[in-house]
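Student: Structure incoming, see below.
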2 protein chains.
Amino acid sequence: MGAGTAGEDLPHVVIVGGGFGGLQVARDLRRAPVRITLIDRQNFHLFQPLLYQVATGGLAGADITSPLRRALKRQRNTTVLLGEVNDVDPEARTISVDGQPLRYDAAVIATGVVPDYFGHPEWESRAPGLKALADAHELRHRVLDAFERAEAEPDPEERARLLTFVVIGGGSTGVELAGAIGELAHRTLPGEFRRIDPRSSRIVLVEAGPAVLPGFSPPSRRRATRALERLGVEVQAGTRVADITAHGVTLDRDGASTLLPTATVAWAAGITGSGLGATVAARTRCQRDDRGRLRVEPDLSVAGFTDLFVIGDLAHVEVRGAAIPCVAPAAIQQGRHVARILRNRFTGIARGHRPFQYRDKGMLATIGRAAAVAEYRGFRVWGVPAWIAWVVIHLIYLVEFQNRILVMTQWVSQYLFSGRGARVLTAPPVRNPER
Amino acid sequence: MGAGTAGEDLPHVVIVGGGFGGLQVARDLRRAPVRITLIDRQNFHLFQPLLYQVATGGLAGADITSPLRRALKRQRNTTVLLGEVNDVDPEARTISVDGQPLRYDAAVIATGVVPDYFGHPEWESRAPGLKALADAHELRHRVLDAFERAEAEPDPEERARLLTFVVIGGGSTGVELAGAIGELAHRTLPGEFRRIDPRSSRIVLVEAGPAVLPGFSPPSRRRATRALERLGVEVQAGTRVADITAHGVTLDRDGASTLLPTATVAWAAGITGSGLGATVAARTRCQRDDRGRLRVEPDLSVAGFTDLFVIGDLAHVEVRGAAIPCVAPAAIQQGRHVARILRNRFTGIARGHRPFQYRDKGMLATIGRAAAVAEYRGFRVWGVPAWIAWVVIHLIYLVEFQNRILVMTQWVSQYLFSGRGARVLTAPPVRNPER
């Protein structure tokens, strides 16, 4: 049997990346007269917004992943291919998968972003980002291991260093991660150790701007800072990172530089387009923004190539002069838009490409248990109502019914007992060398 | 604060290993006038009987592990120590943890067993056993990866090799693992691939004896064989392994030797006492059986050392002339017994050491969905009733409430939809070099 035996002659749509955007394109083309190949280097769709909960032992990796083959099982026009895309040739309309060329009639690049270390690649191993499942496992290992090593450490200075956790970047990922470490130290772990008191941990959230959660309104940002402080998180705004070493972090604030000794640093400060984005840009002479994201046409295609689209975090799209944020609803909407274009094109409905319209679903960030900030079209919601909205929305967006039940079970248990069950500390995982 | 600040002068009980036996000793001594140190090299208690479900993507590792610190959080007389025990000096009554000596008044060794490769250490990397969580993750990776590679493989011969799975050893672990691979290939994966049909997989269970499940009665063994065959598992009884290479397995049967090409081999054939068992035996001149397990006294102490006990899979105990099997209920009962001895000793109740009495809880093995064989004091139960007993017993024995809910959720989903959600295929994990 060959791929798409039933439709060798149908137009071939190749989707690279099985995240929110890529998966949406495939799903929306399920009844279209096309054959689809979805390529990902991992066999699962990852629910990235909850990755920080894996990093802090609240959820297991399996709870926020869905096997791509299962998600697309009943969609007979779609083949899932596990592989690494090395190159795209937009003139020949081929994509190279692990060195093998694959011809396409339309291609959608949805490979997202990776952490950006601002020209300091040596920081990567010292401060893992939070974009891939391997990152979350690595960070979980470091956080749990720091508490274990502190418990065994006789020297008070080294113990204090081990109990210092630094999160760099005060966007929603950084805020949610710092809040979760705060919960871990102040609500989950106290009582479990005999020599250290986890409540003596110092959790520092470093933000270059004047306050956390850029993009939110000043009152929400103040509210988030207070919620973080209640969880024992120290917010250092207006502060930049000058260096990260094995011993600690050097911080710059108002020209003064201080060394913060720590064994655990997480990076949530910057992102840059994934490697394939640079390749596509070079091949198509597509402009990139300062974060390495591709400036696509209003219909999400790459200028000059009507059969090549870029969607999701990797795409820089401006609607009414403002760039669309890197959030899951934007990727999903973009996936829907491209699927609609391709459906119309391949069914012969001769319609022009309408520009992508972004429906802002608002902004939402949670800070520990029963606290969150939300903004939606000028409305602000804080505290428990915002947190309930956060819980409901995240459960709805989880791809599979089983994941919803599993995640809900663990959230209920965490809410009632402050328990975090997924605290498996094994031999340190190898970080993915391709990252 | 030092360990056991509240009771520096209390007798010190050191427990090595946080499995069923070790954890039981600690729990049963929670109100005894002792201070306890429980040492494990991992931070969790592992529910080993369900490890094969992690290896086949049915459960996540976190579902069958409980953080030891959480399990013993409220037990203020107990300190959990993460570390590797390198040595025991029974004369000086010290245990060496990562090179640091720790004095004890009573010590309990409960470090279990590891796979035994019958003098072929080179087989270990080719055929992982199923005793540690890292083994299960390794095996899960190999099984899922084999299907993925088969989907991409043009050569039919190599594809057939990739779709051949060999389980060596027809005890309950081997039977349950082979059955789970059968379920995966015949019920979960069909429909998810486009080039291969997972139902064409060949799953071979190799057993040296005349039938699977030694220890069970002949009718149960026949029944288990039939249940396996219904799941597409080929049972090769009376067959021995002559060699395992990267290309396949050489099998010997009635003097004839055949090569079975395969990329995935699991080892469930033999076990041997863990490394610390050999050290204890050498230090105490304790006899070991042919599986490297220590022949302890009827009260579970090591001959000549009334303050040193060995329990669980590592202990060879004979009750009425028969060795007690390596099962969780035996380890738990032994843990209770030793805790009772120590409680009596340290509260000054001058009672002699009564010999350990084993209450046989019967034998139980499950074969896929809704099939199992059970034997209890001469009664035999098969099929759905045995499977229900298996489900209930396993849920009861799971240490924590949250794990019970999580496991139950996934079993219900698997039962209804044949789904297996924990099919995360990432970069291959490193096998624990200490194993």
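Here, A, B, ... name the chains of the structure tokens in the order displayed, residue numbers run from 1 inside each chain, and ligands are numbered from 1 in the same displayed order.
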Would you mind listing what lies within 8 Å of range 352-365 of chain A as a list in words, with only C-alpha atoms counted and same-chain residues fewer than 3 positions away left out?

Tutor: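 So the residues in contact are Ser172, Val175, Glu176, Phe216, Pro298, Asp299, Leu300, Val319, Ile324, Pro329, Ala330, Gln333, Gln334, His337, Ile341, Ala372, Val373, Ala374, Glu375, Tyr376, Arg377, Ala386 and Trp390 of chain A.
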
Student: Output the selection as a CSV table (one decimal), in the first residue's frame - N, CA and C atoms for each residue.

Tutor:
```
chain,number,residue,atom,x,y,z
A,172,SER,N,3.3,35.6,30.1
A,172,SER,CA,2.4,34.7,30.8
A,172,SER,C,3.1,33.3,31.1
A,175,VAL,N,5.2,34.0,34.3
A,175,VAL,CA,4.3,34.2,35.4
A,175,VAL,C,3.7,32.9,35.9
A,176,GLU,N,3.2,32.1,35.0
A,176,GLU,CA,2.6,30.9,35.4
A,176,GLU,C,3.6,29.9,36.0
A,216,PHE,N,-1.1,43.2,29.1
A,216,PHE,CA,-2.2,43.4,29.9
A,216,PHE,C,-2.3,44.9,30.4
A,298,PRO,N,-1.3,39.0,3.8
A,298,PRO,CA,-2.5,39.0,4.6
A,298,PRO,C,-3.3,37.7,4.6
A,299,ASP,N,-3.1,36.9,3.5
A,299,ASP,CA,-3.8,35.6,3.5
A,299,ASP,C,-3.0,34.5,4.1
A,300,LEU,N,-1.9,34.8,4.7
A,300,LEU,CA,-1.0,33.9,5.4
A,300,LEU,C,0.0,33.1,4.4
A,319,VAL,N,-2.7,42.7,11.9
A,319,VAL,CA,-4.1,43.0,11.6
A,319,VAL,C,-4.3,44.4,12.2
A,324,ILE,N,-0.3,39.9,15.6
A,324,ILE,CA,-1.1,39.0,16.3
A,324,ILE,C,-0.3,38.2,17.3
A,329,PRO,N,-5.2,30.3,20.3
A,329,PRO,CA,-6.4,30.6,19.5
A,329,PRO,C,-6.0,31.2,18.2
A,330,ALA,N,-4.9,32.0,18.1
A,330,ALA,CA,-4.5,32.6,16.9
A,330,ALA,C,-4.1,31.5,15.9
A,333,GLN,N,-7.1,29.7,14.6
A,333,GLN,CA,-7.9,30.5,13.6
A,333,GLN,C,-7.1,30.6,12.3
A,334,GLN,N,-5.8,30.7,12.3
A,334,GLN,CA,-5.0,30.7,11.1
A,334,GLN,C,-5.1,29.4,10.4
A,337,HIS,N,-8.3,29.3,8.6
A,337,HIS,CA,-8.3,30.2,7.4
A,337,HIS,C,-7.6,29.5,6.2
A,341,ILE,N,-9.0,28.4,2.5
A,341,ILE,CA,-8.4,28.7,1.2
A,341,ILE,C,-8.2,27.5,0.3
A,372,ALA,N,-6.1,34.3,39.0
A,372,ALA,CA,-5.8,34.5,37.6
A,372,ALA,C,-6.2,35.9,37.2
A,373,VAL,N,-5.7,36.4,36.0
A,373,VAL,CA,-6.1,37.7,35.5
A,373,VAL,C,-6.5,37.4,34.1
A,374,ALA,N,-7.7,38.0,33.7
A,374,ALA,CA,-8.2,37.8,32.3
A,374,ALA,C,-8.6,39.2,31.8
A,375,GLU,N,-8.4,39.4,30.5
A,375,GLU,CA,-8.9,40.6,29.8
A,375,GLU,C,-9.5,40.2,28.5
A,376,TYR,N,-10.7,40.7,28.3
A,376,TYR,CA,-11.4,40.4,27.1
A,376,TYR,C,-12.1,41.6,26.6
A,377,ARG,N,-11.7,42.2,25.5
A,377,ARG,CA,-12.3,43.4,24.9
A,377,ARG,C,-12.6,44.5,25.9
A,386,ALA,N,-11.8,34.7,37.2
A,386,ALA,CA,-10.8,34.5,36.1
A,386,ALA,C,-10.2,33.2,36.1
A,390,TRP,N,-10.3,30.3,33.3
A,390,TRP,CA,-9.0,29.7,32.8
A,390,TRP,C,-9.1,28.2,32.8
```

Student: Give me, as a list in words, the contact residues of chain B against chain A at a cut-off of 6 Å, counting only C-alpha atoms.

Tutor: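 Therefore, the residues near the partner are Met1, Gly2, Asn43, Ala62, Arg69, Lys73, Gly191, Glu192, Arg195, Ala422 and Leu425 of chain B.
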
Student: With only C-alpha atoms as the atoms that count, which of B:Gly129, B:Pro385, B:Pro325, B:Gly179 lies nearest to Val114 in chain B?

Tutor: B:Gly129

Student: Compare B:Thr262, B:Glu183, B:Phe20, B:Leu50 by their minimum atom-to-atom distance to His394 in chain B, counting only C-alpha atoms, and give me the closest one.

Tutor: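 Residue with the minimum atom-to-atom distance to His394 in chain B: B:Leu50.
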
Student: Using DSSP on the backbone coordinates, identify the residues of range 335-387 of chain B assigned to strand (DSSP E); present them as a ChimeraX atom specification.

Tutor: /B:363-366,372-376,379-382

Student: Create the file for the chosen residues now, containing C-alpha atoms and written as a CSV table (one decimal), in the first residue's frame.

Tutor:
```
chain,number,residue,atom,x,y,z
B,363,MET,CA,-2.2,-16.0,42.0
B,364,LEU,CA,-3.5,-13.7,39.4
B,365,ALA,CA,-2.5,-12.8,35.8
B,366,THR,CA,-4.4,-10.7,33.3
B,372,ALA,CA,-7.5,-13.2,33.4
B,373,VAL,CA,-6.7,-16.3,35.3
B,374,ALA,CA,-6.8,-16.5,39.1
B,375,GLU,CA,-6.2,-19.3,41.6
B,376,TYR,CA,-6.8,-19.0,45.3
B,379,PHE,CA,-10.3,-22.4,43.5
B,380,ARG,CA,-9.8,-21.4,39.8
B,381,VAL,CA,-11.5,-18.4,38.3
B,382,TRP,CA,-11.1,-17.5,34.6
```

Student: Please identify the helix (DSSP H, G or I) residues within range 115-297 of chain A (assignment by DSSP from backbone atoms) and present them as a PyMOL selection string.

Tutor: chain A and resi 121-123+133-152+156-162+172-188+198-200+218-230+275-284

Student: Those selected residues, please, written with C-alpha atoms and delivered as an mmCIF file, in the first residue's frame.

Tutor:
```cif
data_model
loop_
_atom_site.group_PDB
_atom_site.id
_atom_site.type_symbol
_atom_site.label_atom_id
_atom_site.label_comp_id
_atom_site.auth_asym_id
_atom_site.auth_seq_id
_atom_site.Cartn_x
_atom_site.Cartn_y
_atom_site.Cartn_z
ATOM 1 C CA PRO A 121 23.815 30.086 23.090
ATOM 2 C CA GLU A 122 25.833 29.021 26.145
ATOM 3 C CA TRP A 123 22.877 29.974 28.348
ATOM 4 C CA LEU A 133 8.139 18.297 26.394
ATOM 5 C CA ALA A 134 11.835 17.492 26.883
ATOM 6 C CA ASP A 135 12.319 21.015 28.299
ATOM 7 C CA ALA A 136 9.554 20.472 30.829
ATOM 8 C CA HIS A 137 10.999 17.128 31.917
ATOM 9 C CA GLU A 138 14.443 18.673 32.221
ATOM 10 C CA LEU A 139 13.127 21.548 34.303
ATOM 11 C CA ARG A 140 11.081 19.212 36.517
ATOM 12 C CA HIS A 141 14.214 17.217 37.137
ATOM 13 C CA ARG A 142 16.197 20.321 38.080
ATOM 14 C CA VAL A 143 13.543 21.744 40.392
ATOM 15 C CA LEU A 144 12.890 18.486 42.283
ATOM 16 C CA ASP A 145 16.590 17.664 42.397
ATOM 17 C CA ALA A 146 17.395 21.077 43.898
ATOM 18 C CA PHE A 147 15.075 20.393 46.851
ATOM 19 C CA GLU A 148 16.592 16.915 47.311
ATOM 20 C CA ARG A 149 20.136 18.250 47.200
ATOM 21 C CA ALA A 150 19.245 21.037 49.630
ATOM 22 C CA GLU A 151 17.866 18.449 52.080
ATOM 23 C CA ALA A 152 21.235 16.638 51.999
ATOM 24 C CA PRO A 156 23.846 26.823 54.729
ATOM 25 C CA GLU A 157 25.098 29.047 51.909
ATOM 26 C CA GLU A 158 24.952 26.269 49.331
ATOM 27 C CA ARG A 159 21.582 25.214 50.714
ATOM 28 C CA ALA A 160 20.250 28.735 50.146
ATOM 29 C CA ARG A 161 21.617 28.660 46.609
ATOM 30 C CA LEU A 162 19.883 25.338 45.940
ATOM 31 C CA SER A 172 2.433 34.653 30.798
ATOM 32 C CA THR A 173 4.716 31.582 30.619
ATOM 33 C CA GLY A 174 7.134 33.078 33.159
ATOM 34 C CA VAL A 175 4.327 34.234 35.446
ATOM 35 C CA GLU A 176 2.577 30.859 35.361
ATOM 36 C CA LEU A 177 5.825 28.962 35.899
ATOM 37 C CA ALA A 178 6.973 31.168 38.791
ATOM 38 C CA GLY A 179 3.517 30.867 40.364
ATOM 39 C CA ALA A 180 3.616 27.082 40.058
ATOM 40 C CA ILE A 181 7.075 26.897 41.669
ATOM 41 C CA GLY A 182 5.673 29.125 44.420
ATOM 42 C CA GLU A 183 2.778 26.696 44.936
ATOM 43 C CA LEU A 184 5.194 23.775 44.981
ATOM 44 C CA ALA A 185 7.451 25.387 47.592
ATOM 45 C CA HIS A 186 4.766 26.919 49.776
ATOM 46 C CA ARG A 187 1.829 24.542 49.521
ATOM 47 C CA THR A 188 2.862 21.140 48.190
ATOM 48 C CA PRO A 198 10.690 24.449 51.445
ATOM 49 C CA ARG A 199 8.888 27.669 52.459
ATOM 50 C CA SER A 200 12.303 29.270 52.897
ATOM 51 C CA PRO A 218 -1.666 48.272 34.295
ATOM 52 C CA PRO A 219 -4.305 47.306 36.913
ATOM 53 C CA SER A 220 -4.154 43.626 35.840
ATOM 54 C CA ARG A 221 -0.377 43.741 35.921
ATOM 55 C CA ARG A 222 -0.383 45.101 39.470
ATOM 56 C CA ARG A 223 -2.917 42.478 40.445
ATOM 57 C CA ALA A 224 -0.734 39.700 39.001
ATOM 58 C CA THR A 225 2.295 40.992 40.887
ATOM 59 C CA ARG A 226 0.367 40.916 44.169
ATOM 60 C CA ALA A 227 -0.908 37.386 43.462
ATOM 61 C CA LEU A 228 2.649 36.252 42.760
ATOM 62 C CA GLU A 229 3.906 37.828 45.979
ATOM 63 C CA ARG A 230 1.251 35.975 47.948
ATOM 64 C CA GLY A 275 15.030 26.471 12.286
ATOM 65 C CA LEU A 276 12.775 25.626 9.354
ATOM 66 C CA GLY A 277 11.498 29.219 9.418
ATOM 67 C CA ALA A 278 14.973 30.513 8.534
ATOM 68 C CA THR A 279 15.230 27.985 5.704
ATOM 69 C CA VAL A 280 11.871 29.013 4.257
ATOM 70 C CA ALA A 281 12.813 32.689 4.555
ATOM 71 C CA ALA A 282 16.108 32.107 2.739
ATOM 72 C CA ARG A 283 14.426 30.071 -0.022
ATOM 73 C CA THR A 284 11.616 32.564 -0.583
#
```

Student: Can you tell me which residues surround Ser274 in chain A at a distance of at most 10 Å, considering only C-alpha atoms, apart from same-chain residues fewer than 6 positions away, and format the answer as a list of chain:residue names?

Tutor: A:Ala110, A:Thr111, A:Gly112, A:Val113, A:Val114, A:Pro115, A:Asp116, A:Gly292, A:Arg293, A:Asp313, A:Leu314, A:Arg435

Student: Based on the selection just made, write C-alpha atoms of those residues as a JSON list (two decimals), in the first residue's frame.

Tutor:
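result37.json was written with the following content:
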```
[["chain", "number", "residue", "atom", "x", "y", "z"],
["A", 110, "ALA", "CA", 3.58, 25.40, 11.31],
["A", 111, "THR", "CA", 6.73, 24.56, 13.23],
["A", 112, "GLY", "CA", 6.44, 27.28, 15.84],
["A", 113, "VAL", "CA", 9.18, 28.92, 17.82],
["A", 114, "VAL", "CA", 12.09, 27.95, 20.07],
["A", 115, "PRO", "CA", 13.62, 29.86, 22.99],
["A", 116, "ASP", "CA", 15.89, 32.73, 21.99],
["A", 292, "GLY", "CA", 12.75, 35.55, 13.41],
["A", 293, "ARG", "CA", 9.09, 35.12, 12.51],
["A", 313, "ASP", "CA", 3.72, 31.24, 16.24],
["A", 314, "LEU", "CA", 6.11, 31.20, 13.28],
["A", 435, "ARG", "CA", 16.92, 21.91, 19.72]]
```

Student: May I ask which of the residues A:Pro261, A:Asp254, A:Phe165, A:Arg285 is the closest one to Glu234 in chain A, counting only C-alpha atoms?

Tutor: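 That would be A:Phe165, the residue with the smallest distance to Glu234 in chain A.
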
Student: Leaving out range 88-96 of chain A and any residue of its chain fewer than 4 positions from it, which residues lie within 7 Å of it when counting only C-alpha atoms, given as a PDB file with N, CA and C atoms, in the first residue's frame?

Tutor:
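Saved as selection_26.pdb:
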```
ATOM      1  N   GLN A 100      14.662  12.836   2.208  1.00  0.00           N
ATOM      2  CA  GLN A 100      13.844  12.328   1.104  1.00  0.00           C
ATOM      3  C   GLN A 100      12.903  13.431   0.607  1.00  0.00           C
ATOM      4  N   PRO A 101      12.879  13.686  -0.724  1.00  0.00           N
ATOM      5  CA  PRO A 101      11.983  14.743  -1.207  1.00  0.00           C
ATOM      6  C   PRO A 101      10.530  14.272  -1.263  1.00  0.00           C
ATOM      7  N   LEU A 102       9.631  15.192  -1.004  1.00  0.00           N
ATOM      8  CA  LEU A 102       8.195  14.908  -1.012  1.00  0.00           C
ATOM      9  C   LEU A 102       7.541  16.050  -1.779  1.00  0.00           C
ATOM     10  N   ARG A 103       6.853  15.732  -2.874  1.00  0.00           N
ATOM     11  CA  ARG A 103       6.219  16.775  -3.683  1.00  0.00           C
ATOM     12  C   ARG A 103       4.918  17.240  -3.057  1.00  0.00           C
ATOM     13  N   TYR A 104       4.638  18.523  -3.154  1.00  0.00           N
ATOM     14  CA  TYR A 104       3.371  19.022  -2.619  1.00  0.00           C
ATOM     15  C   TYR A 104       2.659  19.899  -3.645  1.00  0.00           C
ATOM     16  N   ASP A 105       1.358  20.001  -3.482  1.00  0.00           N
ATOM     17  CA  ASP A 105       0.598  20.979  -4.250  1.00  0.00           C
ATOM     18  C   ASP A 105       0.323  22.208  -3.397  1.00  0.00           C
ATOM     19  N   VAL A 280      12.933  28.535   5.144  1.00  0.00           N
ATOM     20  CA  VAL A 280      11.871  29.013   4.257  1.00  0.00           C
ATOM     21  C   VAL A 280      12.127  30.469   3.870  1.00  0.00           C
ATOM     22  N   ARG A 283      14.848  30.604   1.270  1.00  0.00           N
ATOM     23  CA  ARG A 283      14.426  30.071  -0.022  1.00  0.00           C
ATOM     24  C   ARG A 283      13.437  30.984  -0.745  1.00  0.00           C
TER      25      ARG A 283
END
```

Student: Which residue, A:Ile332, A:Ile168, A:Pro214, A:Leu231, has the smallest gap to Thr250 in chain A when you use only C-alpha atoms?

Tutor: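 Smallest separation from Thr250 in chain A among the options: A:Ile168.
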
Student: CA of Gly348 in chain B to CA of Val13 in chain B: how many Å, to one decimal?

Tutor: 15.5 Å
